[in-house]
$ cat target04.txt   # compact mmCIF, C-alpha atoms
# COMPACT_ATOMS: atom_id res chain seq x y z
CA MET S 1 113.93 138.48 128.35
CA LEU S 2 113.96 142.02 129.70
CA ARG S 3 113.92 140.79 133.28
CA GLY S 4 116.87 138.53 132.53
CA LEU S 5 118.76 141.41 131.01
CA VAL S 6 118.14 143.75 133.92
CA ARG S 7 119.03 141.07 136.46
CA ALA S 8 122.25 140.23 134.65
CA ARG S 9 123.32 143.87 134.55
CA GLY S 10 122.02 144.89 137.94
CA ALA S 11 122.53 141.75 140.00
CA SER S 12 123.63 143.74 143.04
CA LEU S 13 120.36 145.67 143.16
CA GLY S 14 118.61 142.68 144.68
CA GLU S 15 115.56 140.92 143.31
CA ALA S 16 113.04 143.57 144.34
CA GLY S 17 115.32 146.36 143.14
CA CYS S 18 115.64 144.66 139.78
CA GLU S 19 111.88 144.42 139.43
CA ASP S 20 111.66 148.17 140.11
CA VAL S 21 114.08 148.72 137.27
CA VAL S 22 112.21 146.31 134.99
CA GLN S 23 109.07 148.37 135.55
CA GLU S 24 110.93 151.60 134.89
CA VAL S 25 112.29 150.16 131.66
CA LEU S 26 108.79 149.07 130.59
CA LEU S 27 107.44 152.54 131.27
CA ALA S 28 110.33 154.10 129.34
CA ILE S 29 109.86 151.73 126.40
CA HIS S 30 106.22 152.70 126.31
CA LEU S 31 106.74 156.46 126.61
CA LYS S 32 109.70 156.57 124.22
CA ARG S 33 108.34 154.13 121.63
CA HIS S 34 108.30 156.90 119.00
CA THR S 35 112.12 157.07 119.20
CA TRP S 36 112.37 153.61 117.68
CA ASP S 37 113.15 153.97 113.99
CA GLN S 38 110.93 151.35 112.38
CA ALA S 39 113.58 150.60 109.78
CA ALA S 40 116.15 149.83 112.48
CA PRO S 41 116.38 146.57 114.42
CA VAL S 42 114.53 146.74 117.73
CA ARG S 43 117.07 144.93 119.90
CA PRO S 44 119.79 147.61 120.09
CA TRP S 45 117.08 150.13 120.89
CA LEU S 46 115.70 147.98 123.72
CA TYR S 47 119.16 147.28 125.09
CA ALA S 48 120.05 150.97 125.03
CA ILE S 49 116.95 151.84 127.06
CA ALA S 50 117.56 149.02 129.53
CA ARG S 51 121.19 149.97 129.94
CA TYR S 52 120.33 153.63 130.49
CA LYS S 53 117.79 152.74 133.18
CA VAL S 54 120.08 150.27 134.95
CA VAL S 55 122.86 152.85 135.06
CA ASP S 56 120.32 155.37 136.33
CA ALA S 57 119.24 152.95 139.05
CA PHE S 58 122.81 152.41 140.20
CA ARG S 59 123.39 156.14 140.31
CA ALA S 60 120.19 156.73 142.24
CA ARG S 61 120.95 154.00 144.73
CA GLY S 62 124.63 154.85 144.90
CA ARG S 63 124.33 156.66 148.17
CA ARG S 64 122.45 153.84 149.81
CA ILE S 65 124.34 150.73 150.73
CA ASP S 66 122.45 147.54 150.07
CA LEU S 67 123.79 144.77 152.22
CA PRO S 68 123.26 141.43 150.53
CA ILE S 69 120.59 139.54 152.43
CA GLU S 70 122.55 136.28 152.14
CA ASP S 71 124.86 137.45 154.93
CA PHE S 72 121.95 137.43 157.34
CA VAL S 73 120.22 134.27 156.23
CA GLU S 74 121.27 132.43 159.41
CA VAL S 75 119.94 135.06 161.79
CA LEU S 76 116.79 136.22 160.02
CA PRO S 77 113.52 134.34 160.14
CA ALA S 78 112.40 133.08 156.76
CA ALA S 79 110.89 135.93 154.79
CA PRO S 80 107.29 135.39 153.81
CA ASP S 81 106.92 134.29 150.21
CA ARG S 82 106.29 137.28 148.04
CA ASP S 83 105.43 137.61 144.41
CA PRO S 84 108.70 138.17 142.53
CA THR S 85 107.01 140.50 140.08
CA GLU S 86 105.74 142.76 142.84
CA ALA S 87 107.73 145.99 143.08
CA ALA S 88 107.32 148.94 145.36
CA ASP S 89 108.59 152.01 143.51
CA MET S 90 105.94 152.23 140.82
CA ALA S 91 103.13 151.83 143.37
CA LYS S 92 104.67 154.68 145.39
CA MET S 93 104.81 156.82 142.27
CA ILE S 94 101.19 156.06 141.39
CA GLY S 95 100.26 157.15 144.91
CA MET S 96 101.87 160.52 144.16
CA LEU S 97 99.61 161.16 141.13
CA ASP S 98 96.59 163.39 141.56
CA GLY S 99 93.42 161.62 142.67
CA ARG S 100 91.74 161.12 139.32
CA SER S 101 94.87 160.00 137.47
CA GLU S 102 95.61 157.57 140.27
CA THR S 103 92.12 156.09 140.02
CA ILE S 104 92.42 155.70 136.26
CA VAL S 105 95.80 153.94 136.41
CA ARG S 106 94.61 151.66 139.22
CA LYS S 107 91.32 150.78 137.54
CA ILE S 108 92.88 149.96 134.20
CA GLY S 109 96.08 148.37 135.48
CA LEU S 110 95.23 146.64 138.73
CA GLU S 111 91.55 145.94 138.18
CA GLY S 112 91.75 145.42 134.44
CA ALA S 113 88.82 147.71 133.73
CA SER S 114 88.20 148.86 130.17
CA MET S 115 88.31 152.47 129.03
CA ALA S 116 84.52 152.58 128.87
CA GLU S 117 84.06 151.15 132.39
CA THR S 118 86.61 153.55 133.82
CA GLY S 119 84.92 156.45 132.05
CA ALA S 120 81.52 155.45 133.39
CA ALA S 121 82.87 155.16 136.93
CA LEU S 122 84.40 158.64 136.81
CA SER S 123 81.68 160.13 134.58
CA MET S 124 84.22 160.98 131.89
CA SER S 125 84.03 160.28 128.19
CA GLU S 126 86.11 157.41 126.86
CA GLY S 127 88.28 159.84 124.91
CA ALA S 128 88.94 161.91 128.04
CA VAL S 129 90.00 158.76 129.91
CA ARG S 130 92.39 157.92 127.08
CA VAL S 131 94.01 161.34 127.25
CA ALA S 132 94.09 161.29 131.07
CA LEU S 133 95.79 157.87 131.10
CA HIS S 134 98.33 159.05 128.55
CA ARG S 135 99.14 162.12 130.65
CA ALA S 136 99.23 160.09 133.88
CA LEU S 137 101.84 157.71 132.46
CA LYS S 138 104.01 160.63 131.38
CA THR S 139 103.65 162.17 134.82
CA LEU S 140 104.78 158.88 136.34
CA ALA S 141 108.06 159.15 134.46
CA VAL S 142 108.54 162.75 135.61
CA LEU S 143 107.78 161.80 139.23
CA ARG S 144 110.25 158.95 138.92
CA GLU S 145 112.90 161.40 137.76
CA ARG S 146 112.27 163.74 140.69
CA HIS S 147 112.10 160.88 143.14
CA ILE S 148 115.60 159.84 142.10
CA GLU S 149 117.08 163.29 142.71
CA MET C 1 102.56 146.96 141.92
CA LYS C 2 102.83 143.80 139.86
CA THR C 3 104.61 144.06 136.56
CA ASP C 4 101.69 142.52 134.69
CA ASP C 5 99.38 145.20 136.09
CA LEU C 6 101.73 147.87 134.86
CA ILE C 7 101.89 146.28 131.42
CA ARG C 8 98.10 146.28 131.28
CA ALA C 9 97.98 150.00 132.09
CA LEU C 10 100.65 150.71 129.47
CA ALA C 11 98.93 148.63 126.81
CA ALA C 12 95.67 150.51 127.38
CA ASP C 13 97.37 153.77 126.43
CA THR C 14 97.20 153.83 122.65
CA LEU C 15 97.59 157.54 121.95
CA PRO C 16 100.41 158.05 119.45
CA GLU C 17 103.29 160.51 119.90
CA ALA C 18 104.22 162.88 117.08
CA ASP C 19 107.55 162.01 115.52
CA LEU C 20 110.56 164.05 116.56
CA SER C 21 111.60 165.61 113.27
CA GLY C 22 108.05 166.86 112.73
CA ARG C 23 108.03 168.47 116.16
CA MET C 24 111.44 169.95 115.53
CA TRP C 25 110.42 171.73 112.33
CA LEU C 26 107.09 172.73 113.83
CA VAL C 27 108.89 174.77 116.49
CA LEU C 28 112.01 175.79 114.57
CA VAL C 29 110.26 177.57 111.69
CA PRO C 30 108.29 180.01 113.91
CA ALA C 31 111.33 180.45 116.21
CA LEU C 32 113.50 181.53 113.28
CA ALA C 33 110.75 183.72 111.87
CA VAL C 34 110.48 185.54 115.22
CA ALA C 35 114.27 185.86 115.43
CA LEU C 36 114.37 187.32 111.93
CA ALA C 37 111.56 189.76 112.73
CA ALA C 38 113.28 190.78 115.97
CA LEU C 39 116.51 191.43 114.10
CA TRP C 40 114.68 193.49 111.50
CA LEU C 41 112.88 195.57 114.16
CA THR C 42 115.95 196.25 116.31
CA LEU C 43 119.14 196.26 114.25
CA GLY C 44 117.59 196.23 110.78
CA PHE C 45 118.89 194.41 107.71
CA ARG C 46 121.97 195.61 105.86
CA ALA C 47 121.06 198.02 103.09
CA ASP C 48 122.88 196.07 100.39
CA LEU C 49 121.42 192.68 101.37
CA ALA C 50 120.58 191.76 97.76
CA GLN C 51 124.12 192.50 96.57
CA ALA C 52 125.55 190.55 99.50
CA PHE C 53 123.81 187.43 98.20
CA GLY C 54 125.62 187.97 94.92
CA ASN C 55 129.03 188.23 96.59
CA PRO C 56 130.41 184.69 96.98
CA VAL C 57 132.58 185.58 100.01
CA SER C 58 129.62 187.15 101.78
CA LEU C 59 127.31 184.35 100.67
CA MET C 60 129.59 181.83 102.38
CA ARG C 61 128.37 183.20 105.74
CA TRP C 62 124.92 181.79 105.00
CA MET C 63 126.28 178.64 103.41
CA LEU C 64 128.50 177.80 106.39
CA THR C 65 126.05 178.67 109.16
CA GLY C 66 123.16 177.05 107.28
CA ALA C 67 125.17 173.88 106.71
CA LEU C 68 126.15 173.84 110.39
CA ALA C 69 122.51 174.14 111.44
CA LEU C 70 121.23 171.43 109.07
CA VAL C 71 124.05 168.98 109.83
CA SER C 72 123.65 169.51 113.58
CA MET C 73 119.89 169.01 113.40
CA ARG C 74 120.35 165.67 111.67
CA ILE C 75 122.88 164.61 114.30
CA ALA C 76 120.61 165.83 117.11
CA LEU C 77 117.79 163.65 115.73
CA VAL C 78 120.04 160.57 115.64
CA LEU C 79 121.27 161.27 119.16
CA ALA C 80 117.68 161.60 120.36
CA ARG C 81 117.32 157.84 119.91
CA PRO C 82 118.64 155.82 122.86
CA GLU C 83 120.96 153.73 120.69
CA GLY C 84 121.84 156.74 118.52
CA HIS C 85 125.25 157.58 119.91
CA GLY C 86 126.54 154.22 118.73
CA SER C 87 125.66 154.88 115.10
CA VAL C 88 126.01 158.67 114.90
CA ARG C 89 128.56 160.10 112.48
CA LEU C 90 130.11 163.39 113.53
CA TRP C 91 132.39 163.91 110.53
CA PRO C 92 129.94 166.21 108.67
CA LEU C 93 130.55 168.71 111.49
CA ALA C 94 134.27 168.46 110.81
CA VAL C 95 133.61 169.14 107.12
CA VAL C 96 131.75 172.36 107.98
CA ALA C 97 134.49 173.40 110.42
CA GLY C 98 137.10 172.57 107.76
CA GLY C 99 135.23 174.76 105.26
CA ALA C 100 135.23 177.67 107.71
CA LEU C 101 138.93 177.16 108.43
CA ALA C 102 139.70 177.09 104.70
CA MET C 103 137.88 180.41 104.27
CA LEU C 104 139.86 181.86 107.16
CA ILE C 105 143.20 180.76 105.73
CA TRP C 106 142.26 181.97 102.27
CA ALA C 107 141.26 185.39 103.63
CA TYR C 108 144.45 185.62 105.68
CA ALA C 109 146.53 184.90 102.60
CA THR C 110 144.69 187.35 100.34
CA THR C 111 144.29 190.26 102.78
CA PRO C 112 147.28 192.62 102.78
CA ALA C 113 149.21 192.43 106.05
CA GLU C 114 148.33 195.96 107.18
CA GLY C 115 144.60 195.35 106.62
CA ARG C 116 144.38 192.04 108.51
CA GLN C 117 143.96 193.39 111.99
CA MET C 118 141.29 195.85 110.90
CA ALA C 119 139.40 193.17 108.99
CA THR C 120 139.50 190.81 111.97
CA VAL C 121 138.42 193.26 114.66
CA GLY C 122 135.93 194.91 112.32
CA LYS C 123 133.51 197.49 113.65
CA THR C 124 130.77 195.29 115.04
CA MET C 125 132.53 192.63 117.07
CA TRP C 126 130.50 193.22 120.22
CA THR C 127 127.20 193.48 118.40
CA CYS C 128 127.99 190.12 116.84
CA LEU C 129 129.00 188.49 120.12
CA VAL C 130 125.83 189.68 121.84
CA ALA C 131 123.30 189.40 119.00
CA ILE C 132 124.05 185.80 117.97
CA PRO C 133 123.55 184.34 121.49
CA VAL C 134 120.40 186.45 121.98
CA LEU C 135 118.98 185.34 118.61
CA SER C 136 119.85 181.74 119.61
CA VAL C 137 117.55 181.71 122.61
CA LEU C 138 114.35 180.88 120.73
CA PRO C 139 115.75 178.32 118.25
CA VAL C 140 117.80 176.54 120.92
CA GLY C 141 114.90 176.61 123.38
CA GLY C 142 112.57 175.25 120.70
CA LEU C 143 114.94 172.43 119.83
CA PHE C 144 115.24 171.49 123.50
CA TRP C 145 111.46 171.48 123.79
CA ALA C 146 111.12 169.22 120.74
CA LEU C 147 113.93 166.82 121.62
CA ARG C 148 113.02 166.46 125.28
CA ARG C 149 110.52 163.93 123.93
CA GLY C 150 113.45 161.98 122.60
CA ALA C 151 115.50 159.59 124.67
CA THR C 152 119.16 160.40 124.37
CA SER C 153 121.71 158.35 126.23
CA VAL C 154 124.29 161.14 125.96
CA PRO C 155 122.55 164.29 127.31
CA ALA C 156 125.63 166.54 127.28
CA LEU C 157 126.54 165.74 123.68
CA SER C 158 122.91 166.07 122.61
CA GLY C 159 122.68 169.44 124.32
CA ALA C 160 125.87 170.62 122.62
CA VAL C 161 124.63 169.56 119.18
CA ILE C 162 121.31 171.32 119.81
CA GLY C 163 123.33 174.42 120.70
CA LEU C 164 125.29 174.16 117.45
CA ALA C 165 122.08 173.76 115.43
CA GLY C 166 120.23 176.63 117.12
CA SER C 167 123.14 179.08 117.16
CA GLY C 168 124.14 178.14 113.60
CA ALA C 169 120.63 179.06 112.48
CA ALA C 170 120.75 182.23 114.61
CA ALA C 171 124.09 183.21 113.03
CA ALA C 172 122.53 182.81 109.58
CA VAL C 173 119.75 185.15 110.68
CA TYR C 174 122.25 187.64 112.10
CA ALA C 175 124.19 187.61 108.81
CA ALA C 176 121.26 189.52 107.28
CA HIS C 177 122.24 192.47 109.47
CA CYS C 178 126.01 192.03 109.64
CA ILE C 179 127.99 194.09 107.12
CA GLU C 180 131.35 192.45 107.76
CA ASP C 181 132.10 190.37 104.69
CA SER C 182 135.65 189.33 105.52
CA PRO C 183 136.05 185.71 106.64
CA LEU C 184 138.71 187.05 109.01
CA PHE C 185 135.84 188.68 110.87
CA TYR C 186 132.98 186.27 110.51
CA VAL C 187 134.78 182.98 110.93
CA VAL C 188 136.41 184.22 114.13
CA TRP C 189 133.53 185.99 115.86
CA TYR C 190 130.60 183.92 114.59
CA SER C 191 132.48 180.81 115.70
CA LEU C 192 133.19 182.27 119.12
CA ALA C 193 129.52 183.16 119.63
CA ILE C 194 128.44 179.71 118.42
CA ILE C 195 130.93 177.93 120.69
CA GLY C 196 129.67 179.93 123.67
CA VAL C 197 126.06 178.95 123.00
CA THR C 198 127.15 175.33 122.47
CA ILE C 199 128.87 175.11 125.84
CA VAL C 200 125.87 176.57 127.66
CA SER C 201 123.57 174.17 125.78
CA ALA C 202 125.67 171.17 126.80
CA VAL C 203 125.24 172.17 130.45
CA ILE C 204 121.49 172.66 129.95
CA GLY C 205 121.30 169.31 128.14
CA VAL C 206 122.70 167.45 131.13
CA ARG C 207 119.92 168.90 133.25
CA ILE C 208 116.87 168.67 131.01
CA LEU C 209 117.49 165.86 128.52
CA ARG C 210 117.46 163.16 131.22
CA TRP C 211 114.52 160.76 131.17
$ encode --input "target04.txt" --output "structure tokens"
Amino acid sequence: MLRGLVRARGASLGEAGCEDVVQEVLLAIHLKRHTWDQAAPVRPWLYAIARYKVVDAFRARGRRIDLPIEDFVEVLPAAPDRDPTEAADMAKMIGMLDGRSETIVRKIGLEGASMAETGAALSMSEGAVRVALHRALKTLAVLRERHIE
Amino acid sequence: MKTDDLIRALAADTLPEADLSGRMWLVLVPALAVALAALWLTLGFRADLAQAFGNPVSLMRWMLTGALALVSMRIALVLARPEGHGSVRLWPLAVVAGGALAMLIWAYATTPAEGRQMATVGKTMWTCLVAIPVLSVLPVGGLFWALRRGATSVPALSGAVIGLAGSGAAAAVYAAHCIEDSPLFYVVWYSLAIIGVTIVSAVIGVRILRW
């Protein structure tokens, strides 16, 4: 649903650009979940976050001109098939985290490791991994903000 | 990075965030206590503070600034939600402003013509215009710190409302020192100081309330 919403609003960002925004929105929903008033309906809240992030994306990409790829379809060789849910921005941002945070996010996200496994691998307690992951995700949002500037 | 991988990382993070109004009070109470202590140590309280509370015209200074602070804090909390600016109601601010204006008009009508200018300029205009913004620094800063965790979609408006809340509270603190009881003085100069802080806060809001 979210992907549909972002694509409808941000059609000119291109498919990969939209997926970047979808990931930003997911991160924002997660980090700002305490701003949802549990007595209020969730949809307007979700839409407001998505709209804010799409507008942000347009502003950030405003200076760049994205030429629609369709204009070059005739001259370009067929692009290799890529996963439509793969996006580049978040990976870049994770790369900018400090070493340990990066490892934690990668292990839990990309490798699907549990808290306990991650802790054992980094010789940290499970609680410390929890806190470190929480901080790392917040840092991602801050990095994202700076990256846009 | 695949979106599903990101979702997995997000889902693994289960630490809760403190709610915003809790954070707001947590920082505002000590901020105001420090402001009050600073006022007491530097300018001191007015000698007839107890009598001032008994004088309805003087008491209105605390009523108006206190109401401004409380109303603005409620609005700031609504605006801290991403969908908040659609449902926020700003008319309570107009009620407070209307109350202040009514006091001003009443004082103008009841003060003899030759006394009006003296009552308006007072003796402590500059102290007031400097002290209220200075006393606002901690409360406004604290509110920004608390509401940065929010997710406003209107950073400038949110910043302005935070400025109103913080400087309204600071003006209530300052009223413990200020000996000018005429609404001709306090409505004019308190408002001017509060508006100044509000404008600066709106500019700060644009910069630091983005997410």
$ atom_distance --input "target04.txt" --atom1 "atom CA of S:Ala141" --atom2 "atom CA of S:Ser114"
22.8 Å
$ closest_residue --input "target04.txt" --among "S:Ala91, S:Glu145, S:Val129, S:Met96" --to "S:Asp56" --atoms "only C-alpha atoms"
S:Glu145
$ closest_atom_pairs --input "target04.txt" --of "chain S" --to "chain C" --cutoff "7 Å" --atoms "only C-alpha atoms" --output "tab-separated table"
residue	atom	partner	partner_atom	distance
S:Gln23	CA	C:Thr3	CA	6.3
S:His30	CA	C:Leu10	CA	6.7
S:Lys32	CA	C:Ala151	CA	6.6
S:His34	CA	C:Asp19	CA	6.2
S:Thr35	CA	C:Arg81	CA	5.3
S:Trp36	CA	C:Arg81	CA	6.9
S:Pro44	CA	C:Glu83	CA	6.3
S:Trp45	CA	C:Glu83	CA	5.3
S:Ala48	CA	C:Glu83	CA	5.2
S:Ile49	CA	C:Pro82	CA	6.0
S:Tyr52	CA	C:Ser153	CA	6.5
S:Thr85	CA	C:Lys2	CA	5.3
S:Glu86	CA	C:Lys2	CA	4.3
S:Ala87	CA	C:Met1	CA	5.4
S:Ala88	CA	C:Met1	CA	6.2
S:Met90	CA	C:Met1	CA	6.4
S:Ala91	CA	C:Met1	CA	5.1
S:Val105	CA	C:Ala9	CA	6.2
S:Ile108	CA	C:Ala9	CA	5.5
S:Gly109	CA	C:Ala9	CA	4.2
S:Leu110	CA	C:Asp5	CA	5.1
S:Arg130	CA	C:Asp13	CA	6.5
S:Leu133	CA	C:Asp13	CA	6.4
S:His134	CA	C:Asp13	CA	5.8
S:Glu145	CA	C:Trp211	CA	6.8
$ write_last_selection --input "target04.txt" --atoms "C-alpha atoms" --output "compact mmCIF listing (two decimals), keeping the file's coordinate frame"
# COMPACT_ATOMS: atom_id res chain seq x y z
CA GLN S 23 109.07 148.37 135.55
CA HIS S 30 106.22 152.70 126.31
CA LYS S 32 109.70 156.57 124.22
CA HIS S 34 108.30 156.90 119.00
CA THR S 35 112.12 157.07 119.20
CA TRP S 36 112.37 153.61 117.68
CA PRO S 44 119.79 147.61 120.09
CA TRP S 45 117.08 150.13 120.89
CA ALA S 48 120.05 150.97 125.03
CA ILE S 49 116.95 151.84 127.06
CA TYR S 52 120.33 153.63 130.49
CA THR S 85 107.01 140.50 140.08
CA GLU S 86 105.74 142.76 142.84
CA ALA S 87 107.73 145.99 143.08
CA ALA S 88 107.32 148.94 145.36
CA MET S 90 105.94 152.23 140.82
CA ALA S 91 103.13 151.83 143.37
CA VAL S 105 95.80 153.94 136.41
CA ILE S 108 92.88 149.96 134.20
CA GLY S 109 96.08 148.37 135.48
CA LEU S 110 95.23 146.64 138.73
CA ARG S 130 92.39 157.92 127.08
CA LEU S 133 95.79 157.87 131.10
CA HIS S 134 98.33 159.05 128.55
CA GLU S 145 112.90 161.40 137.76
$ residues_around --input "target04.txt" --residues "C:Ile132" --least-positions-apart "3" --cutoff "10 Å" --atoms "all atoms listed in the file" --output "MDAnalysis selection string"
chainID C and resid 127:129 135:137 166:175 189:190 192:194 196:197
$ write_last_selection --input "target04.txt" --atoms "C-alpha atoms" --output "PDB file, in the frame of the given file"
ATOM      1  CA  THR C 127     127.200 193.480 118.400  1.00  0.00           C
ATOM      2  CA  CYS C 128     127.990 190.120 116.840  1.00  0.00           C
ATOM      3  CA  LEU C 129     129.000 188.490 120.120  1.00  0.00           C
ATOM      4  CA  LEU C 135     118.980 185.340 118.610  1.00  0.00           C
ATOM      5  CA  SER C 136     119.850 181.740 119.610  1.00  0.00           C
ATOM      6  CA  VAL C 137     117.550 181.710 122.610  1.00  0.00           C
ATOM      7  CA  GLY C 166     120.230 176.630 117.120  1.00  0.00           C
ATOM      8  CA  SER C 167     123.140 179.080 117.160  1.00  0.00           C
ATOM      9  CA  GLY C 168     124.140 178.140 113.600  1.00  0.00           C
ATOM     10  CA  ALA C 169     120.630 179.060 112.480  1.00  0.00           C
ATOM     11  CA  ALA C 170     120.750 182.230 114.610  1.00  0.00           C
ATOM     12  CA  ALA C 171     124.090 183.210 113.030  1.00  0.00           C
ATOM     13  CA  ALA C 172     122.530 182.810 109.580  1.00  0.00           C
ATOM     14  CA  VAL C 173     119.750 185.150 110.680  1.00  0.00           C
ATOM     15  CA  TYR C 174     122.250 187.640 112.100  1.00  0.00           C
ATOM     16  CA  ALA C 175     124.190 187.610 108.810  1.00  0.00           C
ATOM     17  CA  TRP C 189     133.530 185.990 115.860  1.00  0.00           C
ATOM     18  CA  TYR C 190     130.600 183.920 114.590  1.00  0.00           C
ATOM     19  CA  LEU C 192     133.190 182.270 119.120  1.00  0.00           C
ATOM     20  CA  ALA C 193     129.520 183.160 119.630  1.00  0.00           C
ATOM     21  CA  ILE C 194     128.440 179.710 118.420  1.00  0.00           C
ATOM     22  CA  GLY C 196     129.670 179.930 123.670  1.00  0.00           C
ATOM     23  CA  VAL C 197     126.060 178.950 123.000  1.00  0.00           C
TER      24      VAL C 197
END
$ closest_residue --input "target04.txt" --among "C:Leu143, C:Val27, C:Val88, C:Leu32" --to "C:Leu209" --atoms "all atoms listed in the file"
C:Leu143
$ decode --input "target04.txt" --residues "stretch 122-139 of chain S" --atoms "C-alpha atoms" --output "PDB file, in the first residue's frame"
ATOM      1  CA  LEU S 122      30.247  -8.983  18.828  1.00  0.00           C
ATOM      2  CA  SER S 123      30.677 -10.157  22.437  1.00  0.00           C
ATOM      3  CA  MET S 124      27.981  -7.769  23.633  1.00  0.00           C
ATOM      4  CA  SER S 125      25.040  -8.499  25.884  1.00  0.00           C
ATOM      5  CA  GLU S 126      21.648  -8.833  24.249  1.00  0.00           C
ATOM      6  CA  GLY S 127      20.457  -5.674  25.986  1.00  0.00           C
ATOM      7  CA  ALA S 128      23.453  -3.724  24.690  1.00  0.00           C
ATOM      8  CA  VAL S 129      22.703  -4.900  21.143  1.00  0.00           C
ATOM      9  CA  ARG S 130      19.111  -3.733  21.549  1.00  0.00           C
ATOM     10  CA  VAL S 131      20.209  -0.268  22.626  1.00  0.00           C
ATOM     11  CA  ALA S 132      22.899  -0.108  19.921  1.00  0.00           C
ATOM     12  CA  LEU S 133      20.386  -1.045  17.208  1.00  0.00           C
ATOM     13  CA  HIS S 134      17.949   1.564  18.491  1.00  0.00           C
ATOM     14  CA  ARG S 135      20.647   4.246  18.393  1.00  0.00           C
ATOM     15  CA  ALA S 136      21.898   3.102  14.979  1.00  0.00           C
ATOM     16  CA  LEU S 137      18.434   3.487  13.447  1.00  0.00           C
ATOM     17  CA  LYS S 138      18.125   6.993  14.863  1.00  0.00           C
ATOM     18  CA  THR S 139      21.557   7.846  13.512  1.00  0.00           C
TER      19      THR S 139
END
